[in-house]
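All remarks here apply to the structure that follows.
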Protein chains: 2
Amino acid sequence: MNTLVAQYLEAWNTTDAAARKAAIARVFTESVGYVDPLVAVTGHDELDAAIAGVHAQFPGWTFTLAGPVDAHHDQVRFTWNLGPVDGPAVVVGFDVAVVENGRIAKVLGFLDKVPDAA
Amino acid sequence: MNTLVAQYLEAWNTTDAAARKAAIARVFTESVGYVDPLVAVTGHDELDAAIAGVHAQFPGWTFTLAGPVDAHHDQVRFTWNLGPVDGPAVVVGFDVAVVENGRIAKVLGFLDKVPDAA
């Protein structure tokens with residue numbers, strides 16, 4: 001499960017379009033559902049567009065794991081940071097993911113820290 | 001969503017068998033899936049048995065909400081305490097629930113504090 005979470009964050013960090021498409025196919029089921037406070041998407045293409053949107057909005061920022069990976073049965077929870085490389089976390093999020101046959105079928109995301117409105 | 005979470009904890013706190021059955025029918029979809037580190041059940045009857053099992057194991061203990069209810073789209077997260085009435089929390093848990101048409105269709109539960117093994 002730790003590996004899958006690492007691959008999940010890696011997919012979110014991939015800026016090359018072709019590499020990201022391959023990473024998404026590896027990590028997520030075809031009908032994956034991803035819902036966080038700002039984004040609700042279904043399937044590889046919509047998820048890819050959502051990730052591309054984050055890179056467009058925050059160029060150069062990366063996702064990193066921000067604590068332990070807590071897994072049991074087919075579900076896992078973990079907290080992540082998003083921010084400039086080697087900089088402080090600007091966004092802190094929390095995800096619960098549900099796994100089916102080794103790939104993520106559902107992500108239920110929440111946000112613990114968001115930037116103040118400009 | 002706050003009301004639904006309150007009803008959820010109320011269902012867990014109901015010791016009378018008939019009242020609990022009614023509460024479960026009100027709060028959960030027929031095919032509800034509930035998974036925490038110790039229990040994985042599907043449907044009203046299995047969930048009812050799981051709740052009855054907690055009361056048998058910890059008579060008189062109650063579930064209380066232990067923090068804010070954070071909801072968006074059809075999902076909600078919250079932390080709860082379990083312990084003697086007016087006593088300290090012995091167990092602390094965290095749930096993400098997914099709602100369909102006003103009832104809970106899925107609970108993804110985790111534990112943040114458990115008693116030391118005797």
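The way I read the labels, and the way they are meant: chains A, B, ... in the order of the structure tokens, residue 1 as the first residue of every chain, and ligand 1 as the first ligand shown, with later ones counted on from there.
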
- Task: Extract the full set of helix (DSSP H, G or I) residues from chain A according to DSSP on the backbone, and format it as a ChimeraX atom specification.
- Result: /A:2-13,17-27,43-57

- Check chain A with DSSP on the backbone and list each residue it calls strand (DSSP E or B), as a ChimeraX atom specification. /A:28-35,40-42,61-65,70-72,75-84,91-100,103-113

Inset, instruction - Enumerate as an MDAnalysis selection string the residues belonging to chain B that approach chain A to within 12 Å, with only C-alpha atoms taken into account. - result: chainID B and resid 34:41 68:78 94:98 106:112

When you look at range 17-25 of chain B with a cut-off of 7 Å (counting only C-alpha atoms), what residues show up, excluding the ones that are within fewer than 4 positions of it in the same chain? I need them as an mmCIF file with N, CA and C atoms, in the first residue's frame.
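Wrote part.cif, looks like this:
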data_model
loop_
_atom_site.group_PDB
_atom_site.id
_atom_site.type_symbol
_atom_site.label_atom_id
_atom_site.label_comp_id
_atom_site.auth_asym_id
_atom_site.auth_seq_id
_atom_site.Cartn_x
_atom_site.Cartn_y
_atom_site.Cartn_z
ATOM 1 N N ALA B 11 -27.350 6.109 15.814
ATOM 2 C CA ALA B 11 -27.599 4.701 15.460
ATOM 3 C C ALA B 11 -26.603 3.792 16.180
ATOM 4 N N HIS B 44 -27.837 -3.784 6.015
ATOM 5 C CA HIS B 44 -28.389 -3.405 7.326
ATOM 6 C C HIS B 44 -28.172 -4.472 8.394
ATOM 7 N N ASP B 48 -26.036 -4.012 11.719
ATOM 8 C CA ASP B 48 -26.726 -4.128 13.006
ATOM 9 C C ASP B 48 -25.972 -5.083 13.934
#

| said: Which residues are near Ile104 in chain B? Cut-off 7 Å, only C-alpha atoms, ignore same chain within fewer than 4 positions. Put them as a ChimeraX atom specification. | reply: /B:27-29,32,97-100
